[in-house]
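Student: For reference, the structure I am asking about is given below.
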Amino acid sequence: MKTIRKQISGDKFFQLMVTIILTVFFIIELYPMLYVVFCSISNPDAVASGEVLLWPVGITLQGYQKVFQYRDLWIGYGNTIFYTLAGTALNLAITLPCAYAMSRKELMGRNQLMLFFMITMYVSGGLIPTYLNVKSFGLLDSRWCMVILGAISVYNMIVARTFFANSIPDEIIEAARIDGCNDFRIFGKIILPLSKAITGVLVLYYGTGHWNAYFDAMIYLDDRKKFPLQLFLREILIQSKFAEEALTDSTVSAEELAYLAELSKNADLMKYCIIIVSTVPLMFIYPKLQKFFEKGVMIGSVKG
Amino acid sequence: MKTLKKRLVTSWQLYVLVLPAVIYIALFAYKPMYGILIAFKNFSIRKGVWGSAWVGFDNFKRLFNSYWFPVIMKNTLTLSALSLVLGFPTPIILALLLNEVKSIKFKNAVQTVSYAPHFISTVVMCGMLTLFLSPSTGVINKIIELFGGEAIFFLQEANLFKWVYELSNVWQGVGWSSIIYFAALSSVDKGLLEAAEIDGATRMQRIWHINLPEIVPTIVTMFILKCGQILSIGYEKVYLLQTDANISGSEIISTYVYKVGLEQADFSFSTATGLFNTVVNCVLLITANQLSKKVTDSGLF
């Protein structure tokens with residue numbers, strides 16, 4: 001009797017510890033994001049002096065107004081939307097059929113094909129050979145380069161293949177075949193309508209990748225009109241470009257010093273607003289797809 | 001023979017379905033591999049890959065003798081080791097803890113919030129770090145000063161770079177990486193847990209003896225995959241966080257490859273460095289896999 005009571009109080013203590021640890025964790029994960037939101041609507045002076053900690057101070061939408069006037073950002077936004085939509089569409093058009101075919105036992109030599117795909121997960125030509133290859137296709141400084149590169153991720157293909165192999169019964173395909181369906185029809189009319197979950201997962205994986213990518217764009221694009229959002233973000237957030245340009249443009253007088261101080265103050269304010277404006281779309285979309293991707297990871301974790 | 005032919009004929013449409021993927025991989029993954037040859041050549045664009053002169057292992061010798069080689073090796077290994085020690089166990093612990101939570105609302109709230117940082121782009125993440133860690137206006141230094149400390153120039157200190165890099169990585173990735181373990185935990189036999197409870201096992205004991213062994217195969221798989229990436233840490237983030245002041249603690253193999261290759265246009269040398277990286281990765285992956293086969297009887301291949 002005594003040991004059971006001891007065990008129960010021990011369990012209660014344990015439960016309390018778990019709750020405390022996870023609450024602290026929750027705050028650590030949430031706070032930096034909330035802080036950015038607070039700063040984006042606070043008076044820049046209050047932010048700079050450290051008054052903003054737990055709530056916004058001197059609420060203003062000045063930063064957002066400035067951001068909406070910043071033309072480069074909207075060029076980037078438009079380009080990124082195009083790259084994300086076109087890129088993801090191409091990703092799906094290549095990944096889904098391939099994954100489905102790879103899940104079928106009738107595909108002779110599929111083990112060899114699998115090897116062909118998987119080797120590229122570990123071995124690649126490297127930066128320079130890849131760059132020369134892109135150049136040889138005339139894709140340098142082209143919008144299409146942003147769409148075509150990464151058209152299929154082998155990892156995502158394996159996830160999708162595992163989904164097809166495990167959650168679509170052979171009987172359905174057998175029955176359709178007896179009814180006279182060919183493989184194209186089976187894939188289009190039967191498999192695709194049953195694949196909403198995996199399509200959701202792939203859209204999320206690929207879409208996030210396109211939205212957040214900057215490295216390829218940095219390497220392959222020259223023309224600012226084609227830059228995706230992330231490259232403009234890099235200029236503003238990491239390189240603090242607008243403050244720098246003002247510095248080189250002006251001969252320093254007292255008046256201009258004040259102007260520069262004002263600008264760099266606003267620069268920080270704008271940075272917080274820009275972080276919000278560029279990240280909000282994904283923050284809205286992912287909770288809606290959460291069920292899908294939790295499932296998707298589970299599918300993928302069954303050994304490929 | 002006849003059946004083979006028949007099977008090929010009846011399933012030709014399946015080959016059409018894989019064809020686009022095969023073409024893409026052939027043109028954009030295998031074709032560039034031919035370019036690896038330039039690691040053994042003195043490449044000039046005018047002469048092309050084949051026309052450039054062979055130099056044997058000269059580029060590799062130059063790499064091993066260069067001033068930067070020990071630096072980038074040390075930094076790459078330090079960052080990888082730290083990501084193994086900090087980045088690998090934290091998602092497992094998070095999943096085990098979350099699994100013990102009874103309130104579904106609380107569990108969902110923790111999960112949703114901890115997944116969110118995963119969707120923040122590398123550029124924005126580094127922008128946030130730059131803002132937060134600024135010595136004059138950054139919130140972290142404000143908090144340090146609040147407690148009577150002195151402001152620290154986080155991004156100018158080579159020694160602090162690894163902590164800035166890895167702790168922010170954990171913050172951003174721990175929730176997302178825990179999904180896979182959390183999913184694996186859902187297959188634990190409930191009856192077993194009840195039986196253990198009746199036999200007087202404490203919660204800790206149940207986690208240790210029942211929950212943890214259940215996810216060991218997942219842990220092993222993830223660990224092997226991680227070992228294969230030891231030298232290929234996310235250069236995108238390191239590159240953005242580099243400053244002239246912290247370069248001795250932040251230059252890693254892949255950022256070096258980028259700088260030598262595309263900024264200084266030393267194509268052959270850059271490719272040799274990249275190839276060295278790939279070879280080491282493959283060796284590590286295979287070693288980890290063999291080791292895991294011996295120790296736990298399970299491996300990737």
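Please note that chains go A, B, ... in the order of the structure tokens, that every chain numbers its residues from 1, and that ligands are numbered from 1 in the order shown.
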I'd like the contact shell of Ala217 of chain A - 9 Å cut-off, only C-alpha atoms, skipping same-chain residues fewer than 6 positions apart - returned as a list in words.

Tutor: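 So, after excluding close chain neighbours, the residues are Asp141, Cys145, Met146, Lys226, Phe227, Pro228, Gln230 and Leu231 of chain A.
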
Student: Per residue of chain B within 6 Å of chain A, note the shortest atom pair and the distance in Å to one decimal, counting only C-alpha atoms, and order the rows by chain and increasing residue number, as a Markdown table.

Tutor:
| residue | atom | partner | partner_atom | distance |
| --- | --- | --- | --- | --- |
| B:Gln13 | CA | A:Asp183 | CA | 5.9 |
| B:Leu14 | CA | A:Ala101 | CA | 5.3 |
| B:Leu17 | CA | A:Pro97 | CA | 5.1 |
| B:Val18 | CA | A:Cys98 | CA | 4.2 |
| B:Ala21 | CA | A:Ile94 | CA | 5.8 |
| B:Pro32 | CA | A:Gly125 | CA | 5.0 |
| B:Met33 | CA | A:Gly125 | CA | 4.1 |
| B:Gly35 | CA | A:Pro129 | CA | 4.8 |
| B:Ile36 | CA | A:Gly125 | CA | 5.8 |
| B:Val110 | CA | A:Phe26 | CA | 5.7 |
| B:Ser114 | CA | A:Glu29 | CA | 5.9 |
| B:Ser121 | CA | A:Asn212 | CA | 4.8 |
| B:Val123 | CA | A:Arg234 | CA | 5.9 |
| B:Gly127 | CA | A:Leu237 | CA | 4.8 |
| B:Thr137 | CA | A:Ala48 | CA | 4.8 |
| B:Lys142 | CA | A:Gly50 | CA | 5.9 |
| B:Ile180 | CA | A:Val297 | CA | 6.0 |
| B:Ala183 | CA | A:Met298 | CA | 5.7 |
| B:Gly274 | CA | A:Gly126 | CA | 5.9 |

Student: Since we have the selection now, will you write its residues out, keeping C-alpha atoms, as a CSV table (one decimal), in the first residue's frame?

Tutor:
chain,number,residue,atom,x,y,z
B,13,GLN,CA,3.5,3.2,-69.4
B,14,LEU,CA,5.2,2.9,-66.0
B,17,LEU,CA,6.0,7.8,-65.7
B,18,VAL,CA,9.5,7.6,-64.3
B,21,ALA,CA,12.6,12.1,-63.2
B,32,PRO,CA,27.9,17.5,-63.5
B,33,MET,CA,29.7,14.6,-61.9
B,35,GLY,CA,33.0,17.9,-64.1
B,36,ILE,CA,34.7,16.4,-61.0
B,110,VAL,CA,3.5,23.0,-27.8
B,114,SER,CA,7.7,24.5,-31.8
B,121,SER,CA,13.9,31.1,-43.8
B,123,VAL,CA,18.0,34.6,-44.3
B,127,GLY,CA,18.6,38.6,-39.7
B,137,THR,CA,20.3,47.5,-29.5
B,142,LYS,CA,19.7,44.3,-23.1
B,180,ILE,CA,9.6,11.5,-36.5
B,183,ALA,CA,5.3,9.3,-34.6
B,274,GLY,CA,34.5,19.9,-52.6

Student: So how many Å separate atom CA of Val201 of chain A and atom CA of Gly173 of chain B, to one decimal?

Tutor: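 Interatomic distance here is 17.8 Å.
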
Student: Could you pull out all residues of segment 70-162 of chain A with a DSSP call of helix (DSSP H, G or I) and give them as JSON, numbers by chain?

Tutor: {"A": [71, 72, 73, 74, 75, 76, 77, 78, 79, 80, 81, 82, 83, 84, 85, 86, 87, 88, 89, 90, 91, 92, 93, 94, 95, 96, 97, 98, 99, 100, 101, 102, 110, 111, 112, 113, 114, 115, 116, 117, 118, 119, 120, 121, 122, 127, 128, 129, 130, 131, 132, 133, 134, 135, 136, 143, 144, 145, 146, 147, 148, 154, 155, 156, 157, 158, 159, 160, 161, 162]}

Student: Need the shell around Glu214 of chain B: protein/DNA/RNA residues with any atom at most 9 Å away, counting only C-alpha atoms. Skip same-chain ones fewer than 4 positions apart. Format as a list in words?

Tutor: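 Contacts, in chain order: Ala184, Leu185, Ser187, Val188, His209, Ile210 and Thr218 of chain B.
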
Student: Could you tell me which of B:Pro70, B:Ile23, B:Leu96, B:Leu131 comes closest to Leu269 of chain A if we count only C-alpha atoms?

Tutor: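 Between B:Pro70, B:Ile23, B:Leu96, B:Leu131, the residue approaching Leu269 of chain A most closely is B:Leu131.
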
Student: Do you have the atom CA of Thr162 of chain A-atom CA of Gly200 of chain A distance handy?

Tutor: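 Interatomic distance here is 15.0 Å.
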
Student: Contacts of Leu79 of chain B at 7 Å or less, counting only C-alpha atoms, minus same-chain residues fewer than 4 places along, as a PDB file with N, CA, C and O atoms, in the first residue's frame?

Tutor:
ATOM      1  N   ASN B  75      36.950  23.823 -37.811  1.00  0.00           N
ATOM      2  CA  ASN B  75      35.640  24.451 -37.655  1.00  0.00           C
ATOM      3  C   ASN B  75      34.515  23.533 -38.103  1.00  0.00           C
ATOM      4  O   ASN B  75      33.471  23.443 -37.461  1.00  0.00           O
ATOM      5  N   SER B  83      26.650  19.777 -33.239  1.00  0.00           N
ATOM      6  CA  SER B  83      25.289  19.502 -33.693  1.00  0.00           C
ATOM      7  C   SER B  83      24.902  18.062 -33.371  1.00  0.00           C
ATOM      8  O   SER B  83      23.732  17.763 -33.172  1.00  0.00           O
ATOM      9  N   LYS B 162      30.308  29.128 -32.785  1.00  0.00           N
ATOM     10  CA  LYS B 162      29.700  27.800 -32.791  1.00  0.00           C
ATOM     11  C   LYS B 162      28.458  27.747 -31.914  1.00  0.00           C
ATOM     12  O   LYS B 162      27.481  27.077 -32.248  1.00  0.00           O
TER      13      LYS B 162
END

Student: Using only C-alpha atoms, can you tell me which of A:Tyr77, A:Tyr155, A:Tyr220, A:Phe292 comes closest to Lys196 of chain A?

Tutor: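 Ranking A:Tyr77, A:Tyr155, A:Tyr220, A:Phe292 by distance to Lys196 of chain A, first place goes to A:Phe292.
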